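Colleague: Got a structure for you, written out below as structure tokens; questions coming shortly.
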Amino acid sequence: MFKKDSFIYIAGHTGLLGSAILSQLRNEGYINLITKTHDELDLTKKDEVETFFMETKIEYIFLCAAKVGGILGNKTYPASYLHENLAIQDNIFELSIKYNIKNIIFYGSSCTYPKVCPQPMKEEYWMSGKIEETSMGYATAKIAGILASKVYNIQYNTNKFICLIPNSMYGKNDNFDLENSHVFSALIRRFHEAKENSDKDVTLWGSGKPRREFIFNEDVADASIFLMKNVHKLENRFYNLGVGIDYSIEELAQIIAEIVDFKGKVYWDTSKPDGVFRKLLDSSDFLSLGWEPKTDLKRGVKITYDWYKDKKCK
């Protein structure tokens, strides 16, 4: 049972999702929260991970640690995204069985759905077509993790492995490096710097026409904790997690520019790739369990931008 004194390991606690889970658990009064930085523990090295499991009393795991990035990073280093994510997943899954972890949540990705897929994307459409090649290495690793969650439960006759596929996440503690960030954080940085530099215009990648569904990291954290408390409701399958509304990248850019207060013009470089045209998840199965998102996009953008400004000033 997931209790306030349970020993809980948040893998990737400094990242976008892990930091939100850690913060919410603290706010709810959980007292035995276990964290390790990458310098303290390399999750791709099984001997290090096993020593950590042997020396640490762990009951529950939120597996937020992963190598992630945007279009440029995925196109440039596909083998690194594949290898590092597979290694992390394999080590944690194997050792979760060996050391009798009670429950672990693994996070898949909407990029594991087919490039051309009916919208909104139902879980039954998964693996029904080819994935987008620009995210091939990362997506392949995530597909392996999604399948692993199911087959480990089958082989070991357990329900300990839980799999959640959140759509495009954003929020505090995101990666704002333009070479490795996703579109949301990249736009915040681009518009902020353009405003600071008094630029008259900003040129963005692609056409601006592709549509994406964005979910605030604190909502995904809340959903994750909800899952740990309601394992008895779950089937041996993955669940989509989204808000049910998508926006074009152009609409997102307009919202961010307004909140940043950038008043210049926006141009689109159509020679750059767009990626998948639309990714909207059908999250009705997850929502039927009794959870719902709390943060609309404009409020989430403002919270994220305020955090980014505060971070930049330090």
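All residue names refer to the structure tokens as shown: chains lettered A, B, ... in order, residues numbered from 1 in each chain, ligands numbered from 1 in order.
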Which residues of stretch 224-308 of chain A have any atom within 10 Å of an atom in stretch 190-211 of chain A when counting only C-alpha atoms, and what is the closest pair of atoms for each, with the distance in Å to one decimal? Order the rows by chain and rising number and write it as a tab-separated table.
Modeller:
residue	atom	partner	partner_atom	distance
A:Ile245	CA	A:Arg211	CA	9.8
A:Asp246	CA	A:Arg211	CA	6.1
A:Tyr247	CA	A:Arg211	CA	5.1
A:Ser248	CA	A:Arg211	CA	4.0
A:Ile249	CA	A:Gly208	CA	4.7
A:Glu250	CA	A:Gly208	CA	4.5
A:Glu251	CA	A:Gly208	CA	8.0
A:Leu252	CA	A:Gly208	CA	9.0
A:Ala253	CA	A:Gly208	CA	8.4
A:Ile256	CA	A:Phe191	CA	7.6
A:Ala257	CA	A:Phe191	CA	6.1
A:Glu258	CA	A:Phe191	CA	9.5
A:Ile259	CA	A:Phe191	CA	9.7
A:Val260	CA	A:His192	CA	6.2
A:Asp261	CA	A:Lys195	CA	7.4
A:Phe262	CA	A:Lys195	CA	5.4
A:Lys263	CA	A:Lys200	CA	7.8
A:Gly264	CA	A:Lys200	CA	4.7
A:Lys265	CA	A:Asp201	CA	4.5
A:Val266	CA	A:Val202	CA	5.0
A:Tyr267	CA	A:Thr203	CA	4.5
A:Trp268	CA	A:Leu204	CA	5.0
A:Asp269	CA	A:Trp205	CA	5.1
A:Thr270	CA	A:Gly206	CA	4.5
A:Ser271	CA	A:Gly206	CA	6.6
A:Lys272	CA	A:Gly206	CA	4.9
A:Pro273	CA	A:Gly206	CA	5.4
A:Asp274	CA	A:Gly206	CA	5.0
A:Gly275	CA	A:Pro210	CA	7.7
A:Val276	CA	A:Pro210	CA	7.0
A:Phe277	CA	A:Pro210	CA	4.4
A:Arg278	CA	A:Arg211	CA	4.7
A:Lys279	CA	A:Arg211	CA	6.5
A:Leu280	CA	A:Arg211	CA	7.9
A:Tyr305	CA	A:His192	CA	8.8
A:Tyr308	CA	A:His192	CA	9.4
Colleague: Stretch 86-102 of chain A: which residues within 6 Å, counting only C-alpha atoms, same-chain residues fewer than 6 positions away excluded, as a PDB file with N, CA, C and O atoms, in the first residue's frame?
Modeller:
ATOM      1  N   LEU A  43      22.418   5.359 -14.099  1.00  0.00           N
ATOM      2  CA  LEU A  43      21.413   4.298 -14.249  1.00  0.00           C
ATOM      3  C   LEU A  43      21.665   3.393 -15.451  1.00  0.00           C
ATOM      4  O   LEU A  43      21.030   2.338 -15.571  1.00  0.00           O
ATOM      5  N   THR A  44      22.586   3.767 -16.329  1.00  0.00           N
ATOM      6  CA  THR A  44      22.915   2.892 -17.459  1.00  0.00           C
ATOM      7  C   THR A  44      23.907   1.800 -17.054  1.00  0.00           C
ATOM      8  O   THR A  44      24.157   0.877 -17.836  1.00  0.00           O
ATOM      9  N   LYS A  46      24.642  -1.254 -14.750  1.00  0.00           N
ATOM     10  CA  LYS A  46      23.877  -2.172 -13.910  1.00  0.00           C
ATOM     11  C   LYS A  46      24.535  -2.417 -12.559  1.00  0.00           C
ATOM     12  O   LYS A  46      23.829  -2.552 -11.544  1.00  0.00           O
ATOM     13  N   GLU A  59      10.548   0.731  -2.078  1.00  0.00           N
ATOM     14  CA  GLU A  59       9.281   0.027  -2.277  1.00  0.00           C
ATOM     15  C   GLU A  59       8.596   0.430  -3.582  1.00  0.00           C
ATOM     16  O   GLU A  59       7.961  -0.399  -4.234  1.00  0.00           O
ATOM     17  N   TYR A  60       8.715   1.708  -3.926  1.00  0.00           N
ATOM     18  CA  TYR A  60       8.032   2.230  -5.111  1.00  0.00           C
ATOM     19  C   TYR A  60       9.008   3.070  -5.940  1.00  0.00           C
ATOM     20  O   TYR A  60       9.892   3.738  -5.396  1.00  0.00           O
ATOM     21  N   ALA A 141      13.175   2.722 -28.117  1.00  0.00           N
ATOM     22  CA  ALA A 141      13.447   2.409 -26.715  1.00  0.00           C
ATOM     23  C   ALA A 141      12.164   2.480 -25.885  1.00  0.00           C
ATOM     24  O   ALA A 141      11.916   1.622 -25.027  1.00  0.00           O
ATOM     25  N   LYS A 160       3.000  -5.172 -10.740  1.00  0.00           N
ATOM     26  CA  LYS A 160       3.894  -4.130 -10.231  1.00  0.00           C
ATOM     27  C   LYS A 160       4.305  -3.114 -11.282  1.00  0.00           C
ATOM     28  O   LYS A 160       4.623  -1.980 -10.977  1.00  0.00           O
TER      29      LYS A 160
END
Colleague: Quick check, in Å to one decimal: how far apart do atom CA of A:Leu297 and atom CA of A:Cys163 lie?
Modeller: 24.6 Å
Colleague: Rounded to one decimal place, report the atom CA of A:His182-atom CA of A:Ile255 distance in Å.
Modeller: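 Atom CA of A:Ile255 lies 16.4 Å from atom CA of A:His182.
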Colleague: As a list of chain:residue names, list the residues of stretch 167-221 of chain A assigned to alpha helix (DSSP H) by DSSP on the backbone atoms of this structure.
Modeller: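 Assigned to alpha helix (DSSP H), within stretch 167-221 of chain A: A:Val183, A:Phe184, A:Ser185, A:Ala186, A:Leu187, A:Ile188, A:Arg189, A:Arg190, A:Phe191, A:His192, A:Glu193, A:Ala194, A:Lys195, A:Glu196, A:Asn217, A:Glu218, A:Asp219, A:Val220, A:Ala221.
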Colleague: Quick one: everything within 12 Å of A:Asp222, counting only C-alpha atoms, minus sequence neighbours fewer than 4 positions away in the same chain. Send it as a VMD selection string.
Modeller: chain A and resid 17 to 25 27 to 28 215 to 218 226 to 229 241 291 to 295
Colleague: Let me see the file: selected residues, N, CA and C atoms, as an mmCIF file, in the first residue's frame.
Modeller:
data_model
loop_
_atom_site.group_PDB
_atom_site.id
_atom_site.type_symbol
_atom_site.label_atom_id
_atom_site.label_comp_id
_atom_site.auth_asym_id
_atom_site.auth_seq_id
_atom_site.Cartn_x
_atom_site.Cartn_y
_atom_site.Cartn_z
ATOM 1 N N LEU A 17 9.525 16.022 -15.169
ATOM 2 C CA LEU A 17 8.492 15.280 -14.452
ATOM 3 C C LEU A 17 8.933 14.895 -13.044
ATOM 4 N N GLY A 18 10.162 14.408 -12.913
ATOM 5 C CA GLY A 18 10.626 13.960 -11.608
ATOM 6 C C GLY A 18 10.582 15.050 -10.555
ATOM 7 N N SER A 19 10.946 16.277 -10.937
ATOM 8 C CA SER A 19 10.927 17.389 -9.980
ATOM 9 C C SER A 19 9.507 17.691 -9.522
ATOM 10 N N ALA A 20 8.533 17.563 -10.438
ATOM 11 C CA ALA A 20 7.139 17.818 -10.080
ATOM 12 C C ALA A 20 6.602 16.733 -9.152
ATOM 13 N N ILE A 21 6.977 15.477 -9.404
ATOM 14 C CA ILE A 21 6.549 14.382 -8.528
ATOM 15 C C ILE A 21 7.158 14.551 -7.141
ATOM 16 N N LEU A 22 8.448 14.851 -7.095
ATOM 17 C CA LEU A 22 9.126 15.052 -5.813
ATOM 18 C C LEU A 22 8.466 16.173 -5.017
ATOM 19 N N SER A 23 8.173 17.279 -5.673
ATOM 20 C CA SER A 23 7.557 18.419 -5.004
ATOM 21 C C SER A 23 6.179 18.058 -4.458
ATOM 22 N N GLN A 24 5.369 17.364 -5.263
ATOM 23 C CA GLN A 24 4.020 17.032 -4.792
ATOM 24 C C GLN A 24 4.047 16.023 -3.651
ATOM 25 N N LEU A 25 4.930 15.041 -3.740
ATOM 26 C CA LEU A 25 5.030 14.068 -2.653
ATOM 27 C C LEU A 25 5.421 14.753 -1.343
ATOM 28 N N ASN A 27 4.837 17.881 -0.593
ATOM 29 C CA ASN A 27 3.694 18.692 -0.162
ATOM 30 C C ASN A 27 2.600 17.840 0.476
ATOM 31 N N GLU A 28 2.491 16.577 0.055
ATOM 32 C CA GLU A 28 1.467 15.697 0.601
ATOM 33 C C GLU A 28 1.924 14.987 1.874
ATOM 34 N N ILE A 215 0.470 18.951 -21.906
ATOM 35 C CA ILE A 215 -0.009 18.703 -20.554
ATOM 36 C C ILE A 215 1.048 19.173 -19.550
ATOM 37 N N PHE A 216 0.594 19.896 -18.542
ATOM 38 C CA PHE A 216 1.462 20.497 -17.538
ATOM 39 C C PHE A 216 2.122 19.406 -16.692
ATOM 40 N N ASN A 217 3.405 19.562 -16.396
ATOM 41 C CA ASN A 217 4.124 18.516 -15.662
ATOM 42 C C ASN A 217 3.524 18.234 -14.285
ATOM 43 N N GLU A 218 2.980 19.260 -13.640
ATOM 44 C CA GLU A 218 2.381 19.036 -12.321
ATOM 45 C C GLU A 218 1.107 18.198 -12.422
ATOM 46 N N PHE A 226 -1.749 9.515 -8.235
ATOM 47 C CA PHE A 226 -3.082 8.901 -8.259
ATOM 48 C C PHE A 226 -2.987 7.427 -8.653
ATOM 49 N N LEU A 227 -2.159 7.121 -9.658
ATOM 50 C CA LEU A 227 -1.999 5.727 -10.100
ATOM 51 C C LEU A 227 -1.428 4.854 -8.992
ATOM 52 N N MET A 228 -0.402 5.350 -8.312
ATOM 53 C CA MET A 228 0.203 4.565 -7.240
ATOM 54 C C MET A 228 -0.808 4.251 -6.133
ATOM 55 N N LYS A 229 -1.753 5.151 -5.935
ATOM 56 C CA LYS A 229 -2.770 4.941 -4.907
ATOM 57 C C LYS A 229 -3.916 4.052 -5.386
ATOM 58 N N LEU A 241 -2.379 9.610 -21.433
ATOM 59 C CA LEU A 241 -2.648 10.704 -20.505
ATOM 60 C C LEU A 241 -2.512 12.037 -21.232
ATOM 61 N N TRP A 291 -9.627 10.469 -12.424
ATOM 62 C CA TRP A 291 -8.683 11.588 -12.359
ATOM 63 C C TRP A 291 -8.973 12.571 -13.494
ATOM 64 N N GLU A 292 -8.648 13.844 -13.288
ATOM 65 C CA GLU A 292 -8.782 14.817 -14.368
ATOM 66 C C GLU A 292 -7.706 15.898 -14.232
ATOM 67 N N PRO A 293 -7.258 16.482 -15.371
ATOM 68 C CA PRO A 293 -6.228 17.536 -15.323
ATOM 69 C C PRO A 293 -6.790 18.814 -14.727
ATOM 70 N N LYS A 294 -5.883 19.652 -14.193
ATOM 71 C CA LYS A 294 -6.306 20.855 -13.484
ATOM 72 C C LYS A 294 -5.816 22.155 -14.137
ATOM 73 N N THR A 295 -4.844 22.079 -15.057
ATOM 74 C CA THR A 295 -4.169 23.281 -15.533
ATOM 75 C C THR A 295 -4.423 23.531 -17.008
#
Colleague: Taking into account only C-alpha atoms, which residue in the set A:Val116, A:Ala66, A:Ile10, A:Ile165 is nearest to A:Ser283?
Modeller: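 Among the listed residues, the smallest separation from A:Ser283 belongs to A:Ile165.
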Colleague: Please report, as a PyMOL selection string, each residue of stretch 42-291 of chain A to which DSSP assigns strand (DSSP E) when run on this structure's backbone.
Modeller: chain A and resi 60-63+103-107+161-166+168-170+201-205+211-212+214-216+238-241+247-248+265-269+278-279
Colleague: Restricting the calculation to only C-alpha atoms, which member of A:Tyr138, A:Phe2, A:Phe184, A:Phe52 is positioned closest to A:Ser80?
Modeller: A:Tyr138
Colleague: So the first atom is atom CA of A:Ala148 and the second is atom CA of A:Ile105; what is the distance between them in Å, to one decimal place?
Modeller: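 Interatomic distance here is 11.8 Å.
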Colleague: Check the smallest atom-to-atom distance from each of A:Lys172, A:Tyr30, A:His38, A:Asp282 to A:Asp310 using only C-alpha atoms, then report the winner.
Modeller: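 When distances to A:Asp310 are compared using only C-alpha atoms, the smallest one comes from A:Lys172.
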Colleague: Can you tell me, as a ChimeraX atom specification, what residues are no more than 8 Å from A:Gly129 when counting only C-alpha atoms, ignoring any on the same chain fewer than 6 positions away?
Modeller: /A:113-117
Colleague: What's the 10 Å shell around A:Glu235, counting only C-alpha atoms, without same-chain residues fewer than 3 positions away, as a PyMOL selection string?
Modeller: chain A and resi 150+159+162+231-232+238-239
Colleague: Excluding same-chain residues fewer than 5 positions from A:Leu33, what lies within 7 Å of it counting only C-alpha atoms, as a ChimeraX atom specification?
Modeller: /A:7-9
Colleague: Those selected residues, please, written with all heavy atoms and delivered as a compact mmCIF listing (two decimals), in the first residue's frame.
Modeller:
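Result saved to out_19.txt:
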# COMPACT_ATOMS: atom_id res chain seq x y z
N PHE A 7 8.90 3.87 1.22
CA PHE A 7 10.20 4.29 0.67
C PHE A 7 10.05 4.41 -0.85
O PHE A 7 9.83 3.41 -1.54
CB PHE A 7 11.28 3.28 1.06
CG PHE A 7 11.65 3.36 2.51
CD1 PHE A 7 10.90 2.69 3.47
CD2 PHE A 7 12.73 4.12 2.93
CE1 PHE A 7 11.23 2.77 4.82
CE2 PHE A 7 13.07 4.21 4.27
CZ PHE A 7 12.32 3.54 5.21
N ILE A 8 10.18 5.64 -1.33
CA ILE A 8 9.84 5.96 -2.72
C ILE A 8 11.06 6.54 -3.43
O ILE A 8 11.63 7.54 -2.99
CB ILE A 8 8.69 6.98 -2.76
CG1 ILE A 8 7.48 6.47 -1.98
CG2 ILE A 8 8.30 7.31 -4.20
CD1 ILE A 8 6.46 7.54 -1.63
N TYR A 9 11.45 5.91 -4.53
CA TYR A 9 12.59 6.39 -5.33
C TYR A 9 12.07 7.13 -6.56
O TYR A 9 11.30 6.57 -7.34
CB TYR A 9 13.45 5.21 -5.75
CG TYR A 9 14.55 5.54 -6.75
CD1 TYR A 9 15.33 6.69 -6.62
CD2 TYR A 9 14.81 4.68 -7.81
CE1 TYR A 9 16.33 6.97 -7.52
CE2 TYR A 9 15.82 4.95 -8.72
CZ TYR A 9 16.58 6.11 -8.58
OH TYR A 9 17.57 6.40 -9.48
Colleague: With only C-alpha atoms as the atoms that count, which of A:Gly73, A:Asn236, A:Leu41, A:Gly29 lies nearest to A:Asn157?
Modeller: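 Checking each candidate against A:Asn157, we get A:Asn236 as the closest.
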